[in-house]
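One structure is given here, and the rest of the page talks about it.
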Amino acid sequence: MAGIIEAKDGKLYRYFEGQTTCIEPWGQNALRVRSVMMGYDMNDADYALSEEVPAQYRAAGAAAAGNCEIKTWFEEQTVVSNFPGERLIKVPCGSISNGKIRAEITAGGKIVFYETNTGKLLLEEFARNRLDGHSKDLSALEIVGREFMPHRGGDYQLTARFEPNPSERIYGMGQYQQPYLNLKGCTLELAQRNSQASVPFMLSTQGYGFLWNNPAVGKVTFARNLTEWVAYSTKKLDYWICAGDTPAEIEEQYAAVTGTVPMMPEYAMGFWQCKLRYATQEQLLEVAREYKRRGLPLDVIVCDFFHWEHQGDWNFDPTYWPDPEGMIAELKSMGIELMVSIWPTVENASVNFKELNERGYLIRTERGLQYGMDFMAPTIHFDATNPDARKFVWNVAKKNYFDRGVKLFWLDEAEPEYKIYDFDHFRYYAGSNAQIGNMYPVMYAKTFFDGLREQGIDKTLNLLRCAWAGSQKYGALVWSGDIGTTFESMRNQIAAGLNMGLAGITWWTTDIGGFHGGNANDEAYREVFARWFEWGTFCPVMRVHGDREPRQEPVGTTGGAMCCSGGPNEVYSYGERVYEICKKYMNYRVQLKPYIAQIMEEAHQKGTPVIRPMFYDFPEDQATYDYEDQHMFGPSLLIAPVYQAGQTHKQVYLPQGSKWRDIHSGTVYDGGQVVTIETPLEITPVFARDGFDLI
């Protein structure tokens with residue numbers, strides 16, 4: 001009735017009513033927990049836990065190194081039943097430790113996690129039953145911590161429940177369009193959408209990090225009375241938990257098991273120019289030439305979508321882009337790198353559709369037509385979870401882009417985006433979308449990462465609109481999708497970018513100025529653009545993009561030229577005052593390149609977020625947790641974005657233990673206080689720490 005507990009091969013197992021649960025060391029100060037019902041393979045996939053873990057932090061190796069200790073014992077319990085009445089039984093229990101973390105399986109089967117040295121409670125499963133010896137669990141509710149609810153004829157809906165901590169703050173989890181940095185009290189959909197990226201790693205102020213290592217569509221609720229993770233269709237429970245004394249220690253342990261970004265190429269650290277969309281080769285080149293005529297620092301320019309004839313061609317339309325080699329050569333002579341947009345969508349008219357379809361390299365639909373999205377034509381996406389499909393797409397892209405000089409790709413539509421988000425309607429090589437769909441953007445990034453690495457490109461970077469845990473190791477630079485162009489939208493991006501960094505996605509950016517709309521001649525929007533531009537200077541990548549008003553007429557009647565284009569979006573399009581602001585902050589970015597290189601090296605080596613909440617660098621200063629709209633850009637710059645119309649002053653908290661120089665006025669302040677800074681349109685508060693003097 002109470003199950004069987006045993007230690008085997010450096011792991012702790014519990015068997016109960018057809019369910020097998022395994023807890024084992026997995027990285028420094030960390031444990032991995034898996035549970036399956038009978039007939040399922042616990043070891044079928046590691047998902048985000050893809051990095052090779054040193055032997056001393058894995059199972060038997062950890063025990064041999066003295067990092068791991070496993071104990072089993074019996075507890076006496078009184079069981080109450082109608083017949084024969086009260087009786088005393090012995091119930092098995094067990095514990096396993098790995099460095100700073102210890103897990104205990106109680107008499108009722110509940111798992112509880114502690115900090116090894118202090119005994120501090122980190123996390124415990126939520127259970128309400130008669131079996132457990134903990135007084136609050138002596139309940140007639142009969143709620144279990146791990147529940148597998150079977151689907152008829154198939155897998156399970158999985159629910160994992162944990163006790164809440166009223167004082168706990170929760171961060172990470174990826175990118176959601178909301179202003180909340182602390183996610184306590186939130187319900188989050190575990191699914192990928194345009195502008196939403198589910199990256200299910202959370203950082204807790206209780207001193208632990210938790211990865212929900214399951215790519216199934218579902219949800220998580222961080223409520224006052226319960227924390228609950230749900231996967232709607234899955235074969236197993238799989239999560240990873242670690243303990244650490246600081247947020248930095250936890251993040252570095254997480255990066256060690258899921259991967260870190262490559263080293264960012266130097267050209268990507270500067271300014272990127274983009275708009276929806278340069279419709280012809282000559283349009284794009286003329287913008288690049290104008291930047292150079294004005295002496296503006298431009299490092300990357302983007303050839304956006306529908307430069308092709310048909311979706312799935314993955315090639316330049318020769319009518320409007322007649323000489324890609326010549327274009328790329330001219331850009332390189334100006335010191336500018338070209339980024340080219342790729343969509344995973346394929347239409348029937350594409351030269352590649354027939355072979356992709358016949359080889360089974362396209363996503364399948366469970367019902368009706370093979371159709372996923374409709375933009376300019378009905379399309380279906382290539383199946384990035386299929387390794388052969390990945391090779392096929394890369395080989396086409398290599399021939400048509402890389403061999404012509406393109407080494408920087410914009411992997412758009414990476415969720416992938418569907419016309420209707422009916423997740424169980426789509427089936428991938430690796431399983432149904434409902435079961436594994438959240439990992440699609442990881443495999444999409446891997447398609448081009450692997451291809452570029454084969455060609456000797458070690459500093460691999462590609463821009464994607466979505467991510468899941470582990471995307472970072474494939475050079476994924478994630479941007480926040482097709483967002484609004486208001487100050488409210490800008491505020492949401494601050495929380496999104498900080499939580500993405502804490503979820504392990506250290507390369508993150510946003511469309512400066514937002515995406516949907518915005519007119520360069522509108523004074524109200526010019527204010528939004530200027531404030532966003534100032535903040536974007538201190539994001540991991542500084543990139544202007546957007547679909548501006550008024551829309552431009554299509555330049556042709558064939559191929560991609562039938563797609564419309566947005567209005568002007570160059571820094572000189574917004575009037576003289578905003579132009580001078582842009583020049584000022586672009587020069588700041590140039591000055592900061594040596595510093596940016598240093599913090600990108602930290603991201604590469606340790607997984608350190610490039611932008612992060614102040615508490616990351618000042619964990620002992622409790623006030624830093626209360627200021628969610630300020631952040632650090634590396635260890636030496638504090639940024640306080642202005643995101644309200646007409647704001648002429650801003651109160652800024654300066655953390656304790658450092659001196660802070662206002663880069664605009666030169667005034668030096670002691671930390672541990674709130675200062676009021678004047679914020680005319682030209683000034684977003686930026687403070688340099690302890691003598692930092694690059695700007």
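The chains in the structure tokens are called A, B, ... from first to last as shown; in each chain the residues are counted from 1, and the ligands are counted from 1 in the order shown.
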Pull the closest atom pair for each residue of stretch 347-426 of chain A that gets at most 10 Å from stretch 453-459 of chain A, along with the distance in Å to one decimal, counting only C-alpha atoms, ordering rows by chain and then ascending residue number, as a tab-separated table.
```
residue	atom	partner	partner_atom	distance
A:Lys398	CA	A:Gln455	CA	9.4
A:Phe402	CA	A:Gln455	CA	9.2
A:Lys407	CA	A:Ile457	CA	8.1
```
Output the selection as a compact mmCIF listing (two decimals), in the first residue's frame - N, CA and C atoms for each residue.
```txt
# COMPACT_ATOMS: atom_id res chain seq x y z
N LYS A 398 21.96 26.70 -47.75
CA LYS A 398 23.40 26.82 -48.00
C LYS A 398 23.66 27.21 -49.45
N PHE A 402 24.07 30.88 -48.06
CA PHE A 402 25.41 30.82 -47.46
C PHE A 402 26.49 30.87 -48.53
N LYS A 407 25.75 34.65 -43.75
CA LYS A 407 26.03 33.78 -42.61
C LYS A 407 25.19 34.13 -41.38
```
Item checked: Contacts of stretch 282-297 of chain A within 12 Å, only C-alpha atoms, excl. fewer than 5 positions in-chain, as an MDAnalysis selection string -> chainID A and resid 267 269:277 302:304 307 319:324 326:340 542 555 565 568:573 579:580 582:591
Per residue of stretch 163-270 of chain A within 10 Å of stretch 609-619 of chain A, what are the shortest atom pair and its distance in Å to one decimal, counting only C-alpha atoms, with rows by chain and residue number, as CSV?
```
residue,atom,partner,partner_atom,distance
A:Tyr171,CA,A:Pro613,CA,9.8
A:Leu181,CA,A:Pro613,CA,9.0
A:Thr205,CA,A:Pro619,CA,9.7
A:Asp245,CA,A:Pro619,CA,9.4
A:Thr246,CA,A:Pro619,CA,6.6
A:Pro247,CA,A:Tyr616,CA,5.8
A:Ala248,CA,A:Tyr616,CA,6.3
A:Glu249,CA,A:Tyr616,CA,9.8
A:Glu251,CA,A:Pro609,CA,8.5
A:Glu252,CA,A:Pro609,CA,9.8
```
Print the selection's residues with C-alpha atoms to a file, as a CSV table (one decimal), in the first residue's frame.
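Just written: selection_25.csv:
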```
chain,number,residue,atom,x,y,z
A,171,TYR,CA,11.2,34.7,-11.9
A,181,LEU,CA,8.6,40.4,-13.3
A,205,THR,CA,13.9,33.5,-3.8
A,245,ASP,CA,23.1,30.6,-2.3
A,246,THR,CA,22.7,33.3,-4.9
A,247,PRO,CA,20.7,33.8,-8.1
A,248,ALA,CA,24.0,33.7,-10.0
A,249,GLU,CA,25.0,30.4,-8.6
A,251,GLU,CA,21.7,30.3,-13.1
A,252,GLU,CA,25.2,29.0,-13.7
```
Next item on the list: Extract, using only C-alpha atoms, all DNA, RNA and protein residues at most 7 Å from A:Gln77, discarding same-chain residues fewer than 4 positions from it, and format them as an MDAnalysis selection string.
Entry: chainID A and resid 88:91
Next item on the list: Mind listing the helix (DSSP H, G or I) residues of stretch 518-667 of chain A, per DSSP on the backbone, as a PyMOL selection string?
Entry: chain A and resi 523-536+559-562+571-573+576-591+593-606+614-617+622-626
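Nearest to A:Arg427 of all the residues A:Ser350, A:Thr385, A:Ser97, A:Thr260 is A:Thr385, counting only C-alpha atoms.
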Note to self: Could you list, as a ChimeraX atom specification, every residue within 9 Å of stretch 240-243 of chain A, counting only C-alpha atoms and ignoring same-chain residues fewer than 3 positions away?
What the structure shows: /A:26-34,49,99-101,113-115,122,207-213,249-250,253-254
Export of prior selection with N, CA and C atoms as an mmCIF file, in the first residue's frame:
```cif
data_model
loop_
_atom_site.group_PDB
_atom_site.id
_atom_site.type_symbol
_atom_site.label_atom_id
_atom_site.label_comp_id
_atom_site.auth_asym_id
_atom_site.auth_seq_id
_atom_site.Cartn_x
_atom_site.Cartn_y
_atom_site.Cartn_z
ATOM 1 N N TRP A 26 22.109 15.192 -10.858
ATOM 2 C CA TRP A 26 22.215 15.615 -12.260
ATOM 3 C C TRP A 26 22.807 17.021 -12.283
ATOM 4 N N GLY A 27 24.121 17.090 -12.176
ATOM 5 C CA GLY A 27 24.785 18.382 -12.121
ATOM 6 C C GLY A 27 25.096 18.771 -10.695
ATOM 7 N N GLN A 28 25.778 19.888 -10.547
ATOM 8 C CA GLN A 28 26.229 20.330 -9.233
ATOM 9 C C GLN A 28 25.048 20.822 -8.400
ATOM 10 N N ASN A 29 24.921 20.300 -7.172
ATOM 11 C CA ASN A 29 23.866 20.710 -6.239
ATOM 12 C C ASN A 29 22.472 20.536 -6.841
ATOM 13 N N ALA A 30 22.298 19.508 -7.647
ATOM 14 C CA ALA A 30 21.055 19.376 -8.400
ATOM 15 C C ALA A 30 20.584 17.929 -8.441
ATOM 16 N N LEU A 31 19.268 17.766 -8.602
ATOM 17 C CA LEU A 31 18.643 16.463 -8.722
ATOM 18 C C LEU A 31 17.669 16.479 -9.892
ATOM 19 N N ARG A 32 17.552 15.341 -10.547
ATOM 20 C CA ARG A 32 16.546 15.164 -11.591
ATOM 21 C C ARG A 32 15.511 14.174 -11.092
ATOM 22 N N VAL A 33 14.241 14.503 -11.284
ATOM 23 C CA VAL A 33 13.137 13.656 -10.845
ATOM 24 C C VAL A 33 12.347 13.227 -12.072
ATOM 25 N N ARG A 34 12.191 11.919 -12.231
ATOM 26 C CA ARG A 34 11.374 11.386 -13.314
ATOM 27 C C ARG A 34 10.405 10.347 -12.768
ATOM 28 N N LEU A 49 17.890 18.883 -20.982
ATOM 29 C CA LEU A 49 19.079 18.476 -20.212
ATOM 30 C C LEU A 49 20.050 17.753 -21.137
ATOM 31 N N GLY A 99 25.378 17.395 -2.999
ATOM 32 C CA GLY A 99 25.886 18.717 -2.639
ATOM 33 C C GLY A 99 24.916 19.447 -1.733
ATOM 34 N N LYS A 100 24.440 20.607 -2.172
ATOM 35 C CA LYS A 100 23.610 21.467 -1.338
ATOM 36 C C LYS A 100 22.129 21.095 -1.309
ATOM 37 N N ILE A 101 21.721 20.083 -2.067
ATOM 38 C CA ILE A 101 20.298 19.748 -2.119
ATOM 39 C C ILE A 101 20.061 18.315 -1.674
ATOM 40 N N PHE A 113 12.075 18.691 -0.725
ATOM 41 C CA PHE A 113 13.450 19.102 -1.005
ATOM 42 C C PHE A 113 13.937 20.066 0.075
ATOM 43 N N TYR A 114 15.199 19.847 0.509
ATOM 44 C CA TYR A 114 15.811 20.667 1.553
ATOM 45 C C TYR A 114 17.187 21.137 1.102
ATOM 46 N N GLU A 115 17.638 22.232 1.700
ATOM 47 C CA GLU A 115 19.040 22.619 1.594
ATOM 48 C C GLU A 115 19.810 21.716 2.548
ATOM 49 N N LEU A 122 13.076 23.835 0.816
ATOM 50 C CA LEU A 122 13.096 24.512 -0.479
ATOM 51 C C LEU A 122 11.769 24.364 -1.205
ATOM 52 N N GLY A 207 15.742 29.999 -2.835
ATOM 53 C CA GLY A 207 17.087 29.464 -2.991
ATOM 54 C C GLY A 207 17.173 28.230 -3.862
ATOM 55 N N TYR A 208 16.242 28.102 -4.818
ATOM 56 C CA TYR A 208 16.319 26.974 -5.739
ATOM 57 C C TYR A 208 15.927 27.417 -7.147
ATOM 58 N N GLY A 209 16.349 26.620 -8.124
ATOM 59 C CA GLY A 209 15.910 26.769 -9.497
ATOM 60 C C GLY A 209 15.203 25.493 -9.920
ATOM 61 N N PHE A 210 14.185 25.618 -10.785
ATOM 62 C CA PHE A 210 13.343 24.475 -11.137
ATOM 63 C C PHE A 210 13.076 24.509 -12.630
ATOM 64 N N LEU A 211 13.443 23.432 -13.326
ATOM 65 C CA LEU A 211 13.167 23.277 -14.753
ATOM 66 C C LEU A 211 12.089 22.223 -14.948
ATOM 67 N N TRP A 212 10.983 22.615 -15.575
ATOM 68 C CA TRP A 212 9.953 21.659 -16.007
ATOM 69 C C TRP A 212 10.426 21.117 -17.343
ATOM 70 N N ASN A 213 11.064 19.958 -17.305
ATOM 71 C CA ASN A 213 11.747 19.414 -18.486
ATOM 72 C C ASN A 213 10.773 18.582 -19.324
ATOM 73 N N GLU A 249 24.590 31.756 -8.734
ATOM 74 C CA GLU A 249 24.994 30.358 -8.580
ATOM 75 C C GLU A 249 23.949 29.424 -9.189
ATOM 76 N N ILE A 250 22.685 29.715 -8.966
ATOM 77 C CA ILE A 250 21.614 28.888 -9.519
ATOM 78 C C ILE A 250 21.609 28.946 -11.042
ATOM 79 N N GLN A 253 24.463 26.931 -12.565
ATOM 80 C CA GLN A 253 24.235 25.486 -12.496
ATOM 81 C C GLN A 253 23.223 25.046 -13.550
ATOM 82 N N TYR A 254 22.214 25.859 -13.767
ATOM 83 C CA TYR A 254 21.229 25.570 -14.810
ATOM 84 C C TYR A 254 21.877 25.594 -16.190
#
```
Please list as a tab-separated table (two decimals) with all heavy atoms, in the first residue's frame every residue within 9 Å of A:Met38, counting only C-alpha atoms and excluding residues in the same chain fewer than 3 positions away.
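Done, and the output landed in selection.tsv:
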```
chain	number	residue	atom	x	y	z
A	17	GLU	N	1.92	1.12	-7.26
A	17	GLU	CA	0.73	0.99	-8.10
A	17	GLU	C	1.00	1.31	-9.57
A	17	GLU	O	0.29	2.09	-10.20
A	17	GLU	CB	-0.40	1.87	-7.55
A	17	GLU	CG	-0.90	1.40	-6.20
A	17	GLU	CD	-2.12	2.17	-5.72
A	17	GLU	OE1	-2.40	3.25	-6.27
A	17	GLU	OE2	-2.78	1.68	-4.78
A	18	GLY	N	2.05	0.71	-10.11
A	18	GLY	CA	2.36	0.85	-11.52
A	18	GLY	C	3.17	2.08	-11.88
A	18	GLY	O	3.55	2.27	-13.04
A	19	GLN	N	3.47	2.94	-10.89
A	19	GLN	CA	4.25	4.15	-11.14
A	19	GLN	C	5.67	3.96	-10.59
A	19	GLN	O	5.85	3.54	-9.45
A	19	GLN	CB	3.60	5.36	-10.48
A	19	GLN	CG	4.34	6.67	-10.74
A	19	GLN	CD	3.69	7.87	-10.07
A	19	GLN	OE1	4.36	8.85	-9.75
A	19	GLN	NE2	2.38	7.80	-9.85
A	20	THR	N	6.65	4.26	-11.44
A	20	THR	CA	8.05	4.22	-11.02
A	20	THR	C	8.58	5.64	-10.98
A	20	THR	O	8.48	6.38	-11.97
A	20	THR	CB	8.89	3.39	-12.00
A	20	THR	OG1	8.40	2.05	-12.03
A	20	THR	CG2	10.36	3.39	-11.59
A	41	ASP	N	9.13	4.24	-21.09
A	41	ASP	CA	10.57	4.29	-20.91
A	41	ASP	C	10.96	5.62	-20.26
A	41	ASP	O	10.74	6.69	-20.81
A	41	ASP	CB	11.27	4.17	-22.28
A	41	ASP	CG	12.78	4.21	-22.18
A	41	ASP	OD1	13.30	4.20	-21.04
A	41	ASP	OD2	13.44	4.24	-23.24
```
Close residues, A:Gly475 itself excluded, 9 Å, only C-alpha atoms, min 2 positions apart in chain, as a compact mmCIF listing (two decimals) with C-alpha atoms, in the first residue's frame:
```txt
# COMPACT_ATOMS: atom_id res chain seq x y z
CA THR A 260 25.23 28.38 -22.99
CA VAL A 261 25.30 30.65 -26.02
CA PRO A 262 28.33 30.66 -28.32
CA MET A 263 30.53 33.74 -28.20
CA MET A 264 28.68 36.56 -29.94
CA ALA A 445 17.56 26.89 -34.34
CA LYS A 446 19.54 23.64 -34.45
CA PHE A 449 23.35 26.08 -36.06
CA LYS A 459 30.43 32.25 -33.52
CA THR A 460 26.95 31.23 -34.59
CA LEU A 461 24.03 33.61 -34.10
CA ASN A 462 20.54 33.48 -35.58
CA LEU A 463 17.50 35.61 -34.77
CA SER A 471 17.60 27.10 -27.39
CA GLN A 472 20.52 29.21 -26.21
CA LYS A 473 23.12 26.54 -27.00
CA LEU A 477 18.94 35.38 -30.31
CA TRP A 507 20.54 36.73 -26.07
```
Notebook entry, point to check: Do you know which residues are at most 9 Å from A:Asp317 counting only C-alpha atoms, after dropping those on the same chain fewer than 5 positions away, and could you put them as a PyMOL selection string?
Noted result: chain A and resi 306-310+322+559-561
Check: What does the distance from atom CA of A:Tyr15 to atom CA of A:Gly3 come to in Å, to one decimal?
Finding: 5.5 Å
Next item on the list: May I ask for the distance between atom CA of A:Asp662 and atom CA of A:Ile677, given in Å to one decimal place?
Entry: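 For atom CA of A:Asp662 relative to atom CA of A:Ile677, the distance reads 9.0 Å.
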Notebook entry, point to check: Hey, what does DSSP flag as strand (DSSP E or B) within stretch 366-615 of chain A? Can you give it to me as a VMD selection string?
Noted result: chain A and resid 373 to 374 378 to 382 408 to 411 426 to 428 431 to 432 462 to 464 476 to 479 508 to 509 512 516 to 519 542 to 544 547 to 549 552 565 611 to 612
Residues from last step as file, N, CA, C and O atoms, as a compact mmCIF listing (two decimals), in the first residue's frame:
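To be explicit, this is the file written out as result-v3.txt:
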```
# COMPACT_ATOMS: atom_id res chain seq x y z
N MET A 373 -0.94 27.65 -41.83
CA MET A 373 -0.95 29.11 -41.77
C MET A 373 -1.33 29.65 -43.15
O MET A 373 -1.09 29.00 -44.18
N ASP A 374 -1.88 30.85 -43.15
CA ASP A 374 -2.28 31.47 -44.42
C ASP A 374 -1.84 32.92 -44.42
O ASP A 374 -2.50 33.78 -43.82
N PRO A 378 -1.86 29.61 -48.65
CA PRO A 378 -1.95 28.53 -47.66
C PRO A 378 -0.62 27.78 -47.59
O PRO A 378 -0.03 27.45 -48.63
N THR A 379 -0.16 27.50 -46.38
CA THR A 379 1.14 26.86 -46.21
C THR A 379 1.10 25.84 -45.08
O THR A 379 0.20 25.84 -44.25
N ILE A 380 2.13 25.00 -45.05
CA ILE A 380 2.41 24.12 -43.93
C ILE A 380 3.90 24.23 -43.66
O ILE A 380 4.69 24.52 -44.56
N HIS A 381 4.32 23.99 -42.42
CA HIS A 381 5.70 24.20 -42.01
C HIS A 381 6.55 22.95 -42.23
O HIS A 381 6.05 21.83 -42.11
N PHE A 382 7.83 23.15 -42.49
CA PHE A 382 8.72 21.98 -42.50
C PHE A 382 8.87 21.47 -41.07
O PHE A 382 8.75 22.22 -40.10
N LEU A 408 24.23 35.01 -41.58
CA LEU A 408 23.39 35.49 -40.48
C LEU A 408 21.94 35.35 -40.91
O LEU A 408 21.51 35.96 -41.90
N PHE A 409 21.17 34.54 -40.17
CA PHE A 409 19.82 34.21 -40.58
C PHE A 409 18.79 34.64 -39.54
O PHE A 409 19.02 34.50 -38.33
N TRP A 410 17.68 35.13 -40.05
CA TRP A 410 16.54 35.50 -39.22
C TRP A 410 15.51 34.38 -39.37
O TRP A 410 14.82 34.28 -40.38
N LEU A 411 15.40 33.53 -38.38
CA LEU A 411 14.53 32.37 -38.43
C LEU A 411 13.17 32.74 -37.84
O LEU A 411 12.87 32.51 -36.67
N PHE A 426 -1.83 19.01 -34.93
CA PHE A 426 -0.60 18.92 -35.70
C PHE A 426 0.30 17.82 -35.14
O PHE A 426 0.43 17.66 -33.93
N ARG A 427 0.92 17.09 -36.05
CA ARG A 427 1.79 15.98 -35.64
C ARG A 427 3.16 16.15 -36.27
O ARG A 427 3.30 16.39 -37.46
N TYR A 428 4.19 16.00 -35.43
CA TYR A 428 5.58 16.11 -35.86
C TYR A 428 6.23 14.73 -35.90
O TYR A 428 5.70 13.75 -35.36
N GLY A 431 6.56 13.44 -32.45
CA GLY A 431 5.35 13.21 -31.69
C GLY A 431 4.31 14.27 -32.00
O GLY A 431 4.53 15.16 -32.82
N SER A 432 3.20 14.21 -31.32
CA SER A 432 2.16 15.20 -31.56
C SER A 432 2.58 16.54 -30.99
O SER A 432 3.36 16.62 -30.03
N ASN A 462 21.70 33.34 -34.72
CA ASN A 462 20.54 33.48 -35.58
C ASN A 462 19.39 34.06 -34.78
O ASN A 462 19.21 33.73 -33.60
N LEU A 463 18.61 34.93 -35.42
CA LEU A 463 17.50 35.61 -34.77
C LEU A 463 16.24 34.76 -34.89
O LEU A 463 15.86 34.34 -35.99
N LEU A 464 15.58 34.49 -33.75
CA LEU A 464 14.35 33.71 -33.74
C LEU A 464 13.26 34.43 -32.96
O LEU A 464 13.55 35.23 -32.07
N ALA A 476 20.67 30.96 -30.41
CA ALA A 476 19.38 31.63 -30.59
C ALA A 476 19.39 33.01 -29.94
O ALA A 476 19.53 33.13 -28.72
N LEU A 477 19.23 34.03 -30.76
CA LEU A 477 18.94 35.38 -30.31
C LEU A 477 17.43 35.57 -30.48
O LEU A 477 16.93 35.56 -31.60
N VAL A 478 16.71 35.71 -29.38
CA VAL A 478 15.25 35.75 -29.43
C VAL A 478 14.78 37.20 -29.34
O VAL A 478 15.28 37.97 -28.53
N TRP A 479 13.83 37.53 -30.22
CA TRP A 479 13.20 38.84 -30.07
C TRP A 479 11.74 38.65 -29.71
O TRP A 479 11.18 37.57 -29.88
N TRP A 508 18.71 38.29 -26.14
CA TRP A 508 17.31 38.70 -26.30
C TRP A 508 17.28 40.13 -26.80
O TRP A 508 18.14 40.94 -26.48
N THR A 509 16.27 40.43 -27.59
CA THR A 509 16.10 41.79 -28.08
C THR A 509 14.63 42.04 -28.36
O THR A 509 13.79 41.16 -28.18
N ILE A 512 12.82 47.79 -31.58
CA ILE A 512 12.84 49.14 -31.04
C ILE A 512 11.72 49.94 -31.69
O ILE A 512 11.63 50.03 -32.91
N HIS A 516 3.67 46.76 -34.51
CA HIS A 516 2.41 47.04 -35.21
C HIS A 516 2.13 48.54 -35.25
O HIS A 516 1.63 49.11 -34.29
N GLY A 517 2.45 49.19 -36.37
CA GLY A 517 2.07 50.58 -36.57
C GLY A 517 3.14 51.56 -36.14
O GLY A 517 4.33 51.27 -36.12
N GLY A 518 2.68 52.77 -35.80
CA GLY A 518 3.60 53.84 -35.47
C GLY A 518 3.99 54.62 -36.70
O GLY A 518 4.48 54.04 -37.67
N ASN A 519 3.73 55.91 -36.68
CA ASN A 519 4.01 56.77 -37.84
C ASN A 519 5.16 57.70 -37.50
O ASN A 519 5.12 58.41 -36.48
N MET A 542 20.94 45.66 -30.22
CA MET A 542 20.28 46.95 -30.49
C MET A 542 19.76 46.93 -31.92
O MET A 542 20.52 47.10 -32.87
N ARG A 543 18.44 46.74 -32.06
CA ARG A 543 17.87 46.48 -33.38
C ARG A 543 16.57 47.23 -33.58
O ARG A 543 15.63 47.08 -32.82
N VAL A 544 16.52 48.05 -34.62
CA VAL A 544 15.31 48.77 -35.01
C VAL A 544 14.52 47.90 -35.98
O VAL A 544 15.07 47.34 -36.92
N ASP A 547 6.59 47.61 -38.52
CA ASP A 547 5.69 47.75 -39.67
C ASP A 547 5.04 49.12 -39.56
O ASP A 547 3.92 49.26 -39.06
N ARG A 548 5.72 50.17 -40.03
CA ARG A 548 5.29 51.54 -39.81
C ARG A 548 4.18 51.97 -40.76
O ARG A 548 4.03 51.43 -41.86
N GLU A 549 3.46 52.97 -40.31
CA GLU A 549 2.46 53.63 -41.13
C GLU A 549 3.08 54.89 -41.75
O GLU A 549 3.97 55.49 -41.16
N GLN A 552 3.28 51.14 -47.60
CA GLN A 552 3.73 51.44 -48.95
C GLN A 552 3.06 50.49 -49.93
O GLN A 552 2.78 49.33 -49.61
N SER A 565 4.73 46.76 -47.85
CA SER A 565 5.84 47.16 -46.99
C SER A 565 5.39 48.30 -46.09
O SER A 565 4.49 49.08 -46.44
N ILE A 611 21.20 41.23 -19.63
CA ILE A 611 20.40 42.14 -18.81
C ILE A 611 19.76 41.30 -17.72
O ILE A 611 19.31 40.18 -17.95
N ARG A 612 19.73 41.84 -16.51
CA ARG A 612 19.20 41.08 -15.38
C ARG A 612 18.69 42.04 -14.31
O ARG A 612 19.14 43.20 -14.24
```
Note to self: Rounded to one decimal, what separation in Å do you get between atom CA of A:Val230 and atom CA of A:Ala59?
What the structure shows: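 Between atom CA of A:Val230 and atom CA of A:Ala59 the gap works out to 27.6 Å.
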Notebook entry, point to check: Which one of A:Asn433, A:Asn43, A:Thr234, A:Thr558 sits closest to A:Asp155 if you count only C-alpha atoms?
Noted result: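 Distance minimum relative to A:Asp155 lands on A:Thr234.
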